[in-house]
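A.B. asks: Following this line is my_file.cif, made up of mmCIF, C-alpha atoms:
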data_coords
#
loop_
_atom_site.group_PDB
_atom_site.id
_atom_site.type_symbol
_atom_site.label_atom_id
_atom_site.label_comp_id
_atom_site.auth_asym_id
_atom_site.auth_seq_id
_atom_site.Cartn_x
_atom_site.Cartn_y
_atom_site.Cartn_z
ATOM 1 C CA MET A 1 16.444 69.324 48.620
ATOM 2 C CA ASP A 2 20.098 69.560 47.608
ATOM 3 C CA ASN A 3 20.105 66.267 45.662
ATOM 4 C CA GLY A 4 16.376 65.889 45.088
ATOM 5 C CA ALA A 5 16.634 66.257 41.309
ATOM 6 C CA MET A 6 19.160 63.436 41.004
ATOM 7 C CA GLU A 7 17.201 61.199 43.383
ATOM 8 C CA CYS A 8 14.118 61.777 41.225
ATOM 9 C CA PHE A 9 16.027 60.967 38.035
ATOM 10 C CA PHE A 10 17.651 57.801 39.364
ATOM 11 C CA GLY A 11 14.368 56.660 40.903
ATOM 12 C CA ARG A 12 12.638 57.017 37.526
ATOM 13 C CA LEU A 13 15.590 55.384 35.751
ATOM 14 C CA LYS A 14 15.428 52.400 38.074
ATOM 15 C CA ALA A 15 11.648 52.054 37.856
ATOM 16 C CA GLU A 16 11.377 52.483 34.080
ATOM 17 C CA MET A 17 14.485 50.606 32.987
ATOM 18 C CA PHE A 18 15.605 47.969 35.414
ATOM 19 C CA CYS A 19 12.466 46.771 37.190
ATOM 20 C CA GLY A 20 11.834 43.209 35.964
ATOM 21 C CA GLU A 21 14.245 43.584 33.056
ATOM 22 C CA LYS A 22 16.556 40.786 31.941
ATOM 23 C CA PHE A 23 19.723 41.670 30.052
ATOM 24 C CA ALA A 24 21.407 39.336 27.575
ATOM 25 C CA SER A 25 24.888 40.748 28.155
ATOM 26 C CA VAL A 26 26.896 43.282 30.110
ATOM 27 C CA GLU A 27 27.199 45.422 26.967
ATOM 28 C CA GLU A 28 23.418 45.631 26.679
ATOM 29 C CA PHE A 29 23.214 46.576 30.358
ATOM 30 C CA ILE A 30 25.780 49.355 29.855
ATOM 31 C CA GLN A 31 24.111 50.732 26.697
ATOM 32 C CA LYS A 32 20.644 50.900 28.241
ATOM 33 C CA PRO A 33 21.361 53.827 30.646
ATOM 34 C CA HIS A 34 23.062 55.776 27.845
ATOM 35 C CA LYS A 35 19.963 55.445 25.680
ATOM 36 C CA TYR A 36 17.711 56.368 28.598
ATOM 37 C CA ILE A 37 19.729 59.499 29.427
ATOM 38 C CA PHE A 38 19.546 60.571 25.773
ATOM 39 C CA TYR A 39 15.761 60.024 25.876
ATOM 40 C CA TRP A 40 15.466 61.898 29.194
ATOM 41 C CA ASN A 41 17.243 64.971 27.834
ATOM 42 C CA ASN A 42 16.217 65.041 24.173
ATOM 43 C CA GLU A 43 12.882 63.295 23.640
ATOM 44 C CA ARG A 44 10.931 63.349 26.914
ATOM 45 C CA ILE A 45 8.137 65.914 26.838
ATOM 46 C CA SER A 46 7.570 67.795 30.079
ATOM 47 C CA LEU A 47 4.438 69.798 30.794
ATOM 48 C CA THR A 48 6.368 72.013 33.210
ATOM 49 C CA LEU A 49 8.638 72.979 30.298
ATOM 50 C CA ASN A 50 5.704 74.081 28.117
ATOM 51 C CA GLY A 51 5.506 70.727 26.312
ATOM 52 C CA MET A 52 9.155 70.744 25.244
ATOM 53 C CA SER A 53 12.033 68.422 26.018
ATOM 54 C CA PRO A 54 14.745 69.834 28.325
ATOM 55 C CA VAL A 55 17.118 70.412 25.372
ATOM 56 C CA GLN A 56 14.392 72.125 23.312
ATOM 57 C CA TYR A 57 13.491 74.318 26.291
ATOM 58 C CA ARG A 58 17.088 75.433 26.868
ATOM 59 C CA THR A 59 17.646 76.058 23.154
ATOM 60 C CA HIS A 60 14.405 78.021 22.840
ATOM 61 C CA PHE A 61 15.266 80.400 25.679
ATOM 62 C CA GLN A 62 18.899 80.832 24.660
ATOM 63 C CA THR A 63 17.799 82.225 21.311
ATOM 64 C CA ILE A 64 15.411 84.778 22.846
#
As structure tokens, what does this structure read like?
C.D. replies:
Amino acid sequence: MDNGAMECFFGRLKAEMFCGEKFASVEEFIQKPHKYIFYWNNERISLTLNGMSPVQYRTHFQTI
């Protein structure tokens, strides 16, 4: 349980990004995880967070 959240994240990252993917260059390979992490934190909607992204959820409850 201590690293379950990170194992879940990296498992999803690997399955959604790298599985069967071909990269044209090392730069493209390096940029892809950065874009995915931005998506994961800012755009991904989670039902457990009341339909908000993680950043929206944190911002919403910091203002209350």
A.B. asks: If the box runs along x, y and z of the file and leaves 8 Å on each side of segment 54-63 of chain A, what are its centre and edge lengths in Å, one decimal, as AutoDock Vina command-line options?
C.D. replies:
--center_x 16.2 --center_y 76.0 --center_z 24.8 --size_x 21.4 --size_y 28.4 --size_z 23.0
A.B. asks: Pick out the closest residue to Phe38 of chain A from this set: A:Ala15, A:Val55, A:Asn50, A:Gly4. Count only C-alpha atoms.
C.D. replies: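 Smallest distance to Phe38 of chain A is found for A:Val55.
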A.B. asks: For Ser53 of chain A, which residue among A:Phe29, A:Trp40, A:Phe10, A:Phe18 is the nearest when counting only C-alpha atoms?
C.D. replies: A:Trp40
A.B. asks: Could you check how far atom CA of Ala5 of chain A sits from atom CA of Arg58 of chain A, in Å to one decimal?
C.D. replies: 17.1 Å
A.B. asks: Record the distance separating atom CA of Tyr57 of chain A and atom CA of Lys35 of chain A, expressed in Å with one decimal.
C.D. replies: 20.0 Å
A.B. asks: Rounded to one decimal place, report the atom CA of Asn41 of chain A-atom CA of His60 of chain A distance in Å.
C.D. replies: 14.3 Å
A.B. asks: Pick from A:Gln62, A:Ser25, A:Gln56, A:Asn3: nearest to Asn42 of chain A, with all atoms listed in the file counted?
C.D. replies: A:Gln56
A.B. asks: How would you write as a list in words the residues that get within 12 Å of (10.4, 57.1, 32.6) in the file's frame, counting only C-alpha atoms?
C.D. replies: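 Residues lying no farther than 12 Å from the given point: Cys8, Phe9, Phe10, Gly11, Arg12, Leu13, Lys14, Ala15, Glu16, Met17, Phe18, Cys19, Pro33, Lys35, Tyr36, Ile37, Phe38, Tyr39, Trp40, Asn41, Glu43, Arg44, Ile45 and Ser46 of chain A.
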A.B. asks: Since the input lacks atoms, please generate N, CA and C atoms for segment 18-38 of chain A and provide them as a JSON list (two decimals), in the coordinates of the input.
C.D. replies:
[["chain", "number", "residue", "atom", "x", "y", "z"],
["A", 18, "PHE", "N", 15.04, 49.17, 34.84],
["A", 18, "PHE", "CA", 15.60, 47.97, 35.41],
["A", 18, "PHE", "C", 14.59, 47.06, 36.09],
["A", 19, "CYS", "N", 13.44, 47.56, 36.45],
["A", 19, "CYS", "CA", 12.47, 46.77, 37.19],
["A", 19, "CYS", "C", 11.94, 45.62, 36.32],
["A", 20, "GLY", "N", 12.29, 44.38, 36.69],
["A", 20, "GLY", "CA", 11.83, 43.21, 35.96],
["A", 20, "GLY", "C", 12.51, 42.97, 34.64],
["A", 21, "GLU", "N", 13.55, 43.69, 34.34],
["A", 21, "GLU", "CA", 14.24, 43.58, 33.06],
["A", 21, "GLU", "C", 15.35, 42.53, 33.13],
["A", 22, "LYS", "N", 15.48, 41.77, 32.07],
["A", 22, "LYS", "CA", 16.56, 40.79, 31.94],
["A", 22, "LYS", "C", 17.47, 41.25, 30.81],
["A", 23, "PHE", "N", 18.75, 41.23, 31.05],
["A", 23, "PHE", "CA", 19.72, 41.67, 30.05],
["A", 23, "PHE", "C", 20.50, 40.48, 29.52],
["A", 24, "ALA", "N", 20.71, 40.45, 28.22],
["A", 24, "ALA", "CA", 21.41, 39.34, 27.58],
["A", 24, "ALA", "C", 22.91, 39.39, 27.81],
["A", 25, "SER", "N", 23.45, 40.61, 27.97],
["A", 25, "SER", "CA", 24.89, 40.75, 28.16],
["A", 25, "SER", "C", 25.19, 42.01, 28.96],
["A", 26, "VAL", "N", 26.44, 42.10, 29.38],
["A", 26, "VAL", "CA", 26.90, 43.28, 30.11],
["A", 26, "VAL", "C", 26.87, 44.50, 29.20],
["A", 27, "GLU", "N", 27.20, 44.31, 27.92],
["A", 27, "GLU", "CA", 27.20, 45.42, 26.97],
["A", 27, "GLU", "C", 25.80, 46.02, 26.82],
["A", 28, "GLU", "N", 24.80, 45.15, 26.76],
["A", 28, "GLU", "CA", 23.42, 45.63, 26.68],
["A", 28, "GLU", "C", 23.04, 46.40, 27.94],
["A", 29, "PHE", "N", 23.47, 45.90, 29.09],
["A", 29, "PHE", "CA", 23.21, 46.58, 30.36],
["A", 29, "PHE", "C", 23.87, 47.96, 30.40],
["A", 30, "ILE", "N", 25.06, 48.08, 29.86],
["A", 30, "ILE", "CA", 25.78, 49.36, 29.86],
["A", 30, "ILE", "C", 25.15, 50.34, 28.87],
["A", 31, "GLN", "N", 24.69, 49.86, 27.71],
["A", 31, "GLN", "CA", 24.11, 50.73, 26.70],
["A", 31, "GLN", "C", 22.75, 51.28, 27.11],
["A", 32, "LYS", "N", 22.01, 50.51, 27.88],
["A", 32, "LYS", "CA", 20.64, 50.90, 28.24],
["A", 32, "LYS", "C", 20.58, 52.24, 28.98],
["A", 33, "PRO", "N", 21.41, 52.50, 30.00],
["A", 33, "PRO", "CA", 21.36, 53.83, 30.65],
["A", 33, "PRO", "C", 21.75, 54.97, 29.72],
["A", 34, "HIS", "N", 22.68, 54.73, 28.79],
["A", 34, "HIS", "CA", 23.06, 55.78, 27.84],
["A", 34, "HIS", "C", 21.88, 56.17, 26.97],
["A", 35, "LYS", "N", 21.14, 55.18, 26.50],
["A", 35, "LYS", "CA", 19.96, 55.44, 25.68],
["A", 35, "LYS", "C", 18.89, 56.16, 26.49],
["A", 36, "TYR", "N", 18.73, 55.75, 27.75],
["A", 36, "TYR", "CA", 17.71, 56.37, 28.60],
["A", 36, "TYR", "C", 18.06, 57.82, 28.89],
["A", 37, "ILE", "N", 19.31, 58.12, 29.16],
["A", 37, "ILE", "CA", 19.73, 59.50, 29.43],
["A", 37, "ILE", "C", 19.52, 60.37, 28.19],
["A", 38, "PHE", "N", 19.81, 59.83, 27.00],
["A", 38, "PHE", "CA", 19.55, 60.57, 25.77],
["A", 38, "PHE", "C", 18.05, 60.86, 25.66]]
